[in-house]
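For reference, input.txt (compact mmCIF, C-alpha atoms):
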```txt
# COMPACT_ATOMS: atom_id res chain seq x y z
CA MET A 25 0.00 0.00 0.00
CA LYS A 26 1.38 3.39 -1.03
CA LEU A 27 2.22 5.87 1.73
CA THR A 28 -0.30 8.72 1.98
CA ALA A 29 1.48 12.06 2.17
CA ILE A 30 -0.23 14.96 3.97
CA ALA A 31 0.85 18.58 4.26
CA GLY A 32 -0.35 18.78 7.88
CA LEU A 33 -2.99 17.56 10.31
CA GLY A 34 -5.66 20.00 9.13
CA PRO A 35 -6.92 17.84 6.24
CA VAL A 36 -7.40 14.76 8.47
CA ALA A 37 -8.23 16.29 11.86
CA GLU A 38 -11.99 15.72 11.56
CA LYS A 39 -11.46 11.96 11.32
CA TYR A 40 -10.05 11.76 14.85
CA ASP A 41 -11.21 12.41 18.42
CA ALA A 42 -7.82 13.02 20.03
CA PHE A 43 -4.14 13.27 19.18
CA ILE A 44 -1.05 11.70 20.75
CA LEU A 45 2.10 13.66 19.93
CA ASP A 46 5.70 12.69 20.45
CA LEU A 47 7.79 15.48 21.93
CA TRP A 48 11.46 15.34 20.98
CA GLY A 49 11.76 15.34 17.18
CA VAL A 50 8.12 16.31 16.59
CA VAL A 51 7.23 19.22 18.88
CA HIS A 52 10.77 20.42 19.61
CA ASP A 53 14.42 19.75 18.74
CA GLY A 54 15.83 19.87 22.26
CA HIS A 55 16.23 23.64 22.14
CA ARG A 56 13.04 25.20 20.76
CA PRO A 57 9.65 24.28 19.22
CA PHE A 58 9.66 23.46 15.52
CA PRO A 59 7.96 26.08 13.32
CA GLY A 60 4.24 25.46 13.03
CA THR A 61 3.87 23.06 15.94
CA VAL A 62 2.41 25.51 18.45
CA ASP A 63 -0.17 26.73 15.93
CA CYS A 64 -1.13 23.16 15.05
CA MET A 65 -1.60 22.09 18.67
CA ARG A 66 -3.69 25.15 19.47
CA ARG A 67 -5.91 24.57 16.43
CA LEU A 68 -6.55 20.98 17.49
CA ARG A 69 -7.56 22.02 20.98
CA ALA A 70 -9.72 24.84 19.62
CA GLN A 71 -11.73 22.15 17.81
CA GLY A 72 -12.25 20.30 21.10
CA LYS A 73 -9.73 17.59 20.30
CA PRO A 74 -7.50 16.72 23.28
CA VAL A 75 -3.75 16.69 22.75
CA ILE A 76 -1.62 14.27 24.77
CA LEU A 77 2.15 14.65 24.72
CA LEU A 78 3.56 11.13 25.00
CA SER A 79 7.27 11.21 25.69
CA ASN A 80 9.98 8.66 26.41
CA ALA A 81 11.59 11.11 28.80
CA PRO A 82 12.89 9.26 31.90
CA ARG A 83 11.47 11.93 34.20
CA ARG A 84 8.05 12.61 35.71
CA SER A 85 5.59 14.67 33.68
CA GLU A 86 5.83 17.63 36.09
CA SER A 87 9.56 17.88 35.37
CA VAL A 88 8.95 17.68 31.62
CA GLU A 89 6.28 20.38 31.89
CA ASP A 90 8.81 22.68 33.56
CA PHE A 91 11.40 21.86 30.89
CA LEU A 92 8.97 22.68 28.08
CA ARG A 93 8.06 26.02 29.64
CA GLN A 94 11.45 27.19 30.90
CA LYS A 95 13.94 25.66 28.44
CA ILE A 96 12.00 25.05 25.22
CA GLY A 97 9.67 28.03 25.44
CA LEU A 98 6.47 26.11 24.70
CA PRO A 99 3.59 28.45 25.60
CA GLU A 100 0.56 27.50 27.64
CA GLY A 101 -2.61 26.27 25.97
CA CYS A 102 -0.94 23.78 23.62
CA HIS A 103 -1.79 20.46 25.28
CA ASP A 104 -4.08 18.73 27.74
CA HIS A 105 -1.86 16.05 29.27
CA ILE A 106 1.71 14.80 29.39
CA ILE A 107 2.58 11.13 29.89
CA THR A 108 6.22 10.11 30.17
CA SER A 109 8.07 6.83 30.32
CA GLY A 110 9.28 8.14 33.68
CA ASP A 111 5.65 8.23 34.89
CA LEU A 112 5.12 4.66 33.70
CA THR A 113 8.35 3.46 35.31
CA HIS A 114 7.41 5.17 38.57
CA ALA A 115 3.94 3.57 38.53
CA HIS A 116 5.44 0.12 37.94
CA LEU A 117 7.93 0.45 40.78
CA ALA A 118 5.28 1.92 43.10
CA ARG A 119 3.37 -1.38 42.83
CA ARG A 120 6.38 -3.26 44.25
CA ALA A 121 5.36 -6.42 42.41
CA GLU A 122 8.90 -7.83 42.48
CA GLY A 123 9.55 -7.17 46.17
CA TRP A 124 12.67 -5.13 45.41
CA ARG A 125 14.06 -2.75 48.03
CA SER A 126 17.31 -1.30 46.67
CA TYR A 127 18.56 -0.15 43.28
CA LEU A 128 21.72 0.81 41.44
CA ARG A 129 21.21 3.96 39.41
CA VAL A 130 22.66 4.50 35.93
CA GLY A 131 21.90 7.92 34.52
CA PRO A 132 22.62 11.66 34.58
CA GLU A 133 22.03 13.90 37.55
CA ARG A 134 18.97 15.51 35.94
CA ASP A 135 17.08 12.20 36.30
CA TRP A 136 18.00 11.39 39.89
CA GLY A 137 14.63 12.35 41.36
CA LEU A 138 12.55 9.72 39.58
CA LEU A 139 12.03 7.55 42.69
CA ASP A 140 12.41 10.20 45.40
CA ASP A 141 8.91 9.69 46.81
CA LEU A 142 9.16 5.89 46.85
CA ASP A 143 10.76 3.93 49.66
CA TYR A 144 13.61 2.44 47.66
CA ARG A 145 17.21 2.59 48.84
CA ARG A 146 19.81 3.75 46.35
CA VAL A 147 23.08 1.83 46.54
CA GLU A 148 26.43 2.24 44.80
CA THR A 149 27.38 -1.32 43.79
CA PRO A 150 25.62 -4.16 41.94
CA ALA A 151 26.23 -6.50 44.88
CA ALA A 152 24.09 -4.31 47.15
CA ALA A 153 21.23 -3.80 44.64
CA ASP A 154 18.02 -5.71 43.92
CA PHE A 155 17.69 -4.13 40.47
CA MET A 156 19.28 -1.54 38.17
CA LEU A 157 17.41 1.64 37.21
CA CYS A 158 18.63 3.07 33.90
CA THR A 159 17.63 6.56 32.78
CA GLY A 160 20.49 7.18 30.36
CA LEU A 161 24.23 7.64 30.06
CA VAL A 162 25.86 9.68 32.79
CA ASP A 163 27.55 11.83 30.14
CA ASP A 164 25.72 11.36 26.84
CA GLU A 165 28.03 13.79 25.02
CA LYS A 166 31.19 11.74 25.67
CA GLU A 167 30.22 8.17 26.56
CA GLU A 168 29.06 5.18 24.51
CA PRO A 169 27.08 2.11 25.63
CA GLN A 170 30.11 -0.21 25.64
CA ASP A 171 31.71 2.02 28.27
CA TYR A 172 29.34 0.36 30.74
CA ASP A 173 30.33 -3.23 29.96
CA ARG A 174 32.28 -3.80 33.18
CA ILE A 175 29.48 -2.84 35.54
CA PHE A 176 26.89 -4.49 33.29
CA ARG A 177 28.74 -7.81 33.33
CA GLU A 178 28.98 -7.63 37.10
CA ALA A 179 25.25 -6.90 37.42
CA ILE A 180 24.30 -9.67 34.98
CA ALA A 181 26.41 -12.18 36.91
CA LEU A 182 24.37 -11.27 40.01
CA GLY A 183 21.07 -11.67 38.11
CA LEU A 184 20.03 -8.02 38.33
CA VAL A 185 17.14 -6.92 36.13
CA MET A 186 17.54 -3.55 34.42
CA VAL A 187 14.47 -1.31 34.52
CA CYS A 188 14.85 1.09 31.57
CA ALA A 189 12.95 4.36 31.86
CA ASN A 190 13.55 5.49 28.26
CA PRO A 191 13.39 2.97 25.37
CA ASP A 192 14.80 5.44 22.82
CA LEU A 193 18.14 4.44 21.34
CA THR A 194 19.21 7.93 20.31
CA VAL A 195 17.84 11.44 20.08
CA MET A 196 18.84 14.54 18.13
CA ARG A 197 19.85 17.42 20.40
CA GLY A 198 19.82 20.20 17.87
CA ASN A 199 22.08 18.76 15.14
CA VAL A 200 23.91 16.33 17.44
CA ARG A 201 22.86 12.69 17.89
CA VAL A 202 23.25 11.37 21.46
CA TYR A 203 22.60 7.96 23.01
CA CYS A 204 19.60 7.35 25.27
CA ALA A 205 18.82 4.75 27.92
CA GLY A 206 17.42 2.38 25.29
CA ALA A 207 20.91 1.99 23.85
CA LEU A 208 22.16 0.89 27.26
CA ALA A 209 19.23 -1.51 27.57
CA ALA A 210 20.10 -3.01 24.19
CA ARG A 211 23.70 -3.42 25.29
CA TYR A 212 22.61 -5.05 28.57
CA GLU A 213 20.46 -7.55 26.69
CA ALA A 214 23.26 -8.26 24.19
CA LEU A 215 25.51 -9.15 27.12
CA GLY A 216 22.87 -11.57 28.44
CA GLY A 217 20.93 -9.40 30.90
CA ARG A 218 17.17 -9.09 31.38
CA VAL A 219 15.49 -5.72 30.79
CA ILE A 220 12.04 -4.32 31.62
CA GLN A 221 11.20 -1.20 29.60
CA HIS A 222 8.42 1.38 29.92
CA GLY A 223 7.23 3.84 27.30
CA LYS A 224 6.86 3.67 23.54
CA PRO A 225 6.54 1.22 21.80
CA TYR A 226 5.24 -0.81 24.77
CA PRO A 227 1.51 -1.25 25.53
CA ASP A 228 1.53 0.58 28.87
CA ALA A 229 2.14 3.90 27.11
CA TYR A 230 -0.99 3.66 24.96
CA ALA A 231 -3.10 2.16 27.75
CA ALA A 232 -2.27 5.24 29.82
CA CYS A 233 -3.38 7.52 26.99
CA ARG A 234 -6.68 5.70 26.59
CA ALA A 235 -7.29 5.81 30.34
CA LEU A 236 -6.92 9.60 30.30
CA LEU A 237 -9.14 10.07 27.25
CA GLY A 238 -11.92 7.75 28.38
CA PRO A 239 -14.08 5.34 26.37
CA ALA A 240 -15.87 8.03 24.33
CA ARG A 241 -12.73 8.97 22.38
CA THR A 242 -11.74 5.98 20.30
CA ARG A 243 -10.49 7.49 17.03
CA LEU A 244 -6.91 8.35 17.92
CA LEU A 245 -4.02 9.58 15.80
CA ALA A 246 -0.42 9.32 17.00
CA VAL A 247 2.29 11.55 15.53
CA GLY A 248 5.94 10.55 15.83
CA ASP A 249 9.30 10.60 14.12
CA SER A 250 10.59 7.11 15.02
CA LEU A 251 9.63 3.97 13.11
CA ARG A 252 10.92 1.82 15.98
CA THR A 253 8.99 3.46 18.82
CA ASP A 254 6.25 5.85 17.65
CA ILE A 255 5.02 4.03 14.55
CA ALA A 256 5.54 0.47 15.80
CA GLY A 257 3.91 1.30 19.14
CA ALA A 258 0.85 2.95 17.60
CA HIS A 259 0.46 0.10 15.13
CA ALA A 260 0.55 -2.52 17.89
CA ALA A 261 -2.04 -0.54 19.85
CA GLY A 262 -4.39 -0.29 16.85
CA ILE A 263 -3.92 3.48 16.51
CA ASP A 264 -3.47 5.39 13.24
CA SER A 265 -0.19 7.24 12.93
CA VAL A 266 1.68 10.02 11.14
CA LEU A 267 5.39 9.57 10.47
CA VAL A 268 7.17 12.94 10.65
CA ALA A 269 10.19 12.78 8.37
CA CYS A 270 12.21 15.72 9.72
CA GLY A 271 13.07 14.03 13.01
CA ILE A 272 15.30 11.18 14.11
CA HIS A 273 15.48 9.69 10.58
CA ALA A 274 16.13 13.00 8.76
CA GLU A 275 19.85 12.43 8.26
CA GLU A 276 19.31 8.83 7.18
CA TRP A 277 16.75 9.91 4.59
CA GLY A 278 18.60 13.04 3.48
CA VAL A 279 15.73 15.31 4.55
CA ARG A 280 16.06 18.98 5.42
CA ALA A 281 13.58 20.93 7.55
CA GLY A 282 10.24 21.32 5.85
CA GLU A 283 11.03 18.93 3.00
CA MET A 284 9.06 15.83 2.10
CA PRO A 285 11.45 12.87 1.74
CA ASP A 286 11.78 10.53 -1.19
CA PRO A 287 9.02 7.94 -0.58
CA ALA A 288 11.25 5.18 -1.96
CA ARG A 289 13.78 5.74 0.82
CA ILE A 290 11.08 5.51 3.45
CA GLU A 291 9.59 2.40 1.86
CA ALA A 292 13.03 0.80 2.02
CA ALA A 293 13.39 1.78 5.68
CA ILE A 294 9.95 0.38 6.58
CA GLY A 295 10.45 -2.89 4.74
CA ASP A 296 8.11 -5.46 6.25
CA GLY A 297 7.71 -3.44 9.47
CA PRO A 298 4.67 -1.53 10.72
CA ARG A 299 3.53 1.19 8.34
CA PRO A 300 2.35 4.67 9.25
CA THR A 301 -1.11 5.74 8.12
CA TYR A 302 0.28 9.06 6.84
CA LEU A 303 3.59 10.67 6.01
CA ALA A 304 4.34 14.34 6.72
CA ALA A 305 7.44 16.49 6.53
CA GLU A 306 6.76 17.97 9.99
CA LEU A 307 4.01 18.68 12.50
CA ARG A 308 1.92 21.57 11.25
CA TRP A 309 -1.72 22.38 10.53
```

Kindly present the structure from the file in structure tokens form.
Amino acid sequence: MKLTAIAGLGPVAEKYDAFILDLWGVVHDGHRPFPGTVDCMRRLRAQGKPVILLSNAPRRSESVEDFLRQKIGLPEGCHDHIITSGDLTHAHLARRAEGWRSYLRVGPERDWGLLDDLDYRRVETPAAADFMLCTGLVDDEKEEPQDYDRIFREAIALGLVMVCANPDLTVMRGNVRVYCAGALAARYEALGGRVIQHGKPYPDAYAACRALLGPARTRLLAVGDSLRTDIAGAHAAGIDSVLVACGIHAEEWGVRAGEMPDPARIEAAIGDGPRPTYLAAELRW
């Protein structure tokens, strides 16, 4: 089936009850909103269509809200809810289904508060931990996943499960690609470890969206820039999707801002994988 290209969400908005938008790579580039995104989000809400920002950020939604306001400059009135992989990780660990009490943290200082209100004890060595909490690389500008092999092998030998709070492999920070926690999770699994992940493309992310929207809103459209997380996750959840080309795959597809990519290159990238319902250059009305 040929990919359906759309100039923006305006021509298809009436077909849907609510919209689920990825953040990094769709709404903003790590520094500022993309042109047209704020206008598009406001137009959707003006038509009574809720907008959920679904992010694989390994932090709670309150922290992401502050980041969007203070660092990105996203104005008020653009969205109804934020759900993060950090929220989903927190909810899982709050249930204490595994009986864990202590954890070894792998991640940057900005993510340290994820479990602050839960009665878990943070420890400094794998031998003292019941599980490993991974939110990313400590220094994502200088480190690579294999730099963690020594501590990962030690943790795997002890049977520690890694709980990954961000399934993304990489993200574009402006024009620079940096590794995310998902790359560490992939490395941990490659070395023989067991990983539990929360966020896109896993079912808990879309179940949380549906719980917020309620049973009356069933026609959902997800917008994302990653085939592996956004498109695959929406497809598995039975949700229509828009693939935004000027995001994480832009360099791979040779796309510049505002340009529609060569459909043949995207077809080759999709292969036999899940297909988006629509293709767009960027998020705009």

Surrounding residues of Asn199 of chain A excluding itself and chain neighbours under 5 positions, 12 Å, all atoms listed in the file, as an MDAnalysis selection string: chainID A and resid 49 53:55 270:272 274:275 280:281

Separation of atom CA of Leu45 of chain A from atom CA of Val266 of chain A, in Å and rounded to one decimal: 9.5 Å

Tyr127 of chain A surroundings by all atoms listed in the file, 10 Å radius, close-in-sequence under 2 positions cut, as a ChimeraX atom specification: /A:124-125,129-130,144-150,152-158,184-187

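With all atoms listed in the file as the atoms that count, the minimum distance from Ala189 of chain A to the choices A:Ala207, A:Ile96, A:Ala235, A:Val268 is reached by A:Ala207.
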
Atom-to-atom span, atom CA of Thr28 of chain A and atom CA of Ala288 of chain A, Å: 12.7 Å

What are the closest atom pairs, with distances in Å to one decimal, for each residue of segment 120-235 of chain A lying within 10 Å of segment 78-84 of chain A, using all atoms listed in the file, rows by chain and rising residue number, as CSV?
```
residue,atom,partner,partner_atom,distance
A:Gly131,CA,A:Pro82,CA,9.5
A:Arg134,CA,A:Arg83,CA,8.5
A:Asp135,CA,A:Arg83,CA,6.0
A:Trp136,CA,A:Arg83,CA,8.7
A:Gly137,CA,A:Arg83,CA,7.8
A:Leu138,CA,A:Arg83,CA,5.9
A:Leu139,CA,A:Arg84,CA,9.5
A:Cys158,CA,A:Pro82,CA,8.7
A:Thr159,CA,A:Pro82,CA,5.5
A:Gly160,CA,A:Pro82,CA,8.0
A:Cys188,CA,A:Pro82,CA,8.4
A:Ala189,CA,A:Pro82,CA,4.9
A:Asn190,CA,A:Asn80,CA,5.1
A:Pro191,CA,A:Asn80,CA,6.7
A:Asp192,CA,A:Asn80,CA,6.8
A:Cys204,CA,A:Ala81,CA,9.5
A:Ala205,CA,A:Pro82,CA,8.4
A:Gly206,CA,A:Asn80,CA,9.8
A:His222,CA,A:Asn80,CA,8.2
A:Gly223,CA,A:Asn80,CA,5.6
A:Lys224,CA,A:Asn80,CA,6.5
A:Pro225,CA,A:Asn80,CA,9.4
A:Ala229,CA,A:Leu78,CA,7.7
A:Tyr230,CA,A:Leu78,CA,8.7
A:Ala232,CA,A:Leu78,CA,9.6
A:Cys233,CA,A:Leu78,CA,8.1
```

Residue contacts of Gly248 of chain A (6 Å, all atoms listed in the file) excluding same-chain residues fewer than 2 positions away, as a count of residues only: 5

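The gap separating atom CA of Leu215 of chain A from atom CA of Gln170 of chain A is 10.2 Å, in Å to one decimal.
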
Shell of 9 Å around Leu27 of chain A, all atoms listed in the file, local chain residues under 6 positions omitted, as an mmCIF file with C-alpha atoms, in the frame of the given file:
```
data_model
loop_
_atom_site.group_PDB
_atom_site.id
_atom_site.type_symbol
_atom_site.label_atom_id
_atom_site.label_comp_id
_atom_site.auth_asym_id
_atom_site.auth_seq_id
_atom_site.Cartn_x
_atom_site.Cartn_y
_atom_site.Cartn_z
ATOM 1 C CA PRO A 287 9.020 7.940 -0.580
ATOM 2 C CA GLU A 291 9.590 2.400 1.860
ATOM 3 C CA ARG A 299 3.530 1.190 8.340
ATOM 4 C CA PRO A 300 2.350 4.670 9.250
ATOM 5 C CA THR A 301 -1.110 5.740 8.120
ATOM 6 C CA TYR A 302 0.280 9.060 6.840
ATOM 7 C CA LEU A 303 3.590 10.670 6.010
#
```

Long-range neighbours of Arg201 of chain A as a VMD selection string, 10 Å cut-off, all atoms listed in the file, 5 positions minimum in chain: chain A and resid 164 to 165 194 to 196 272
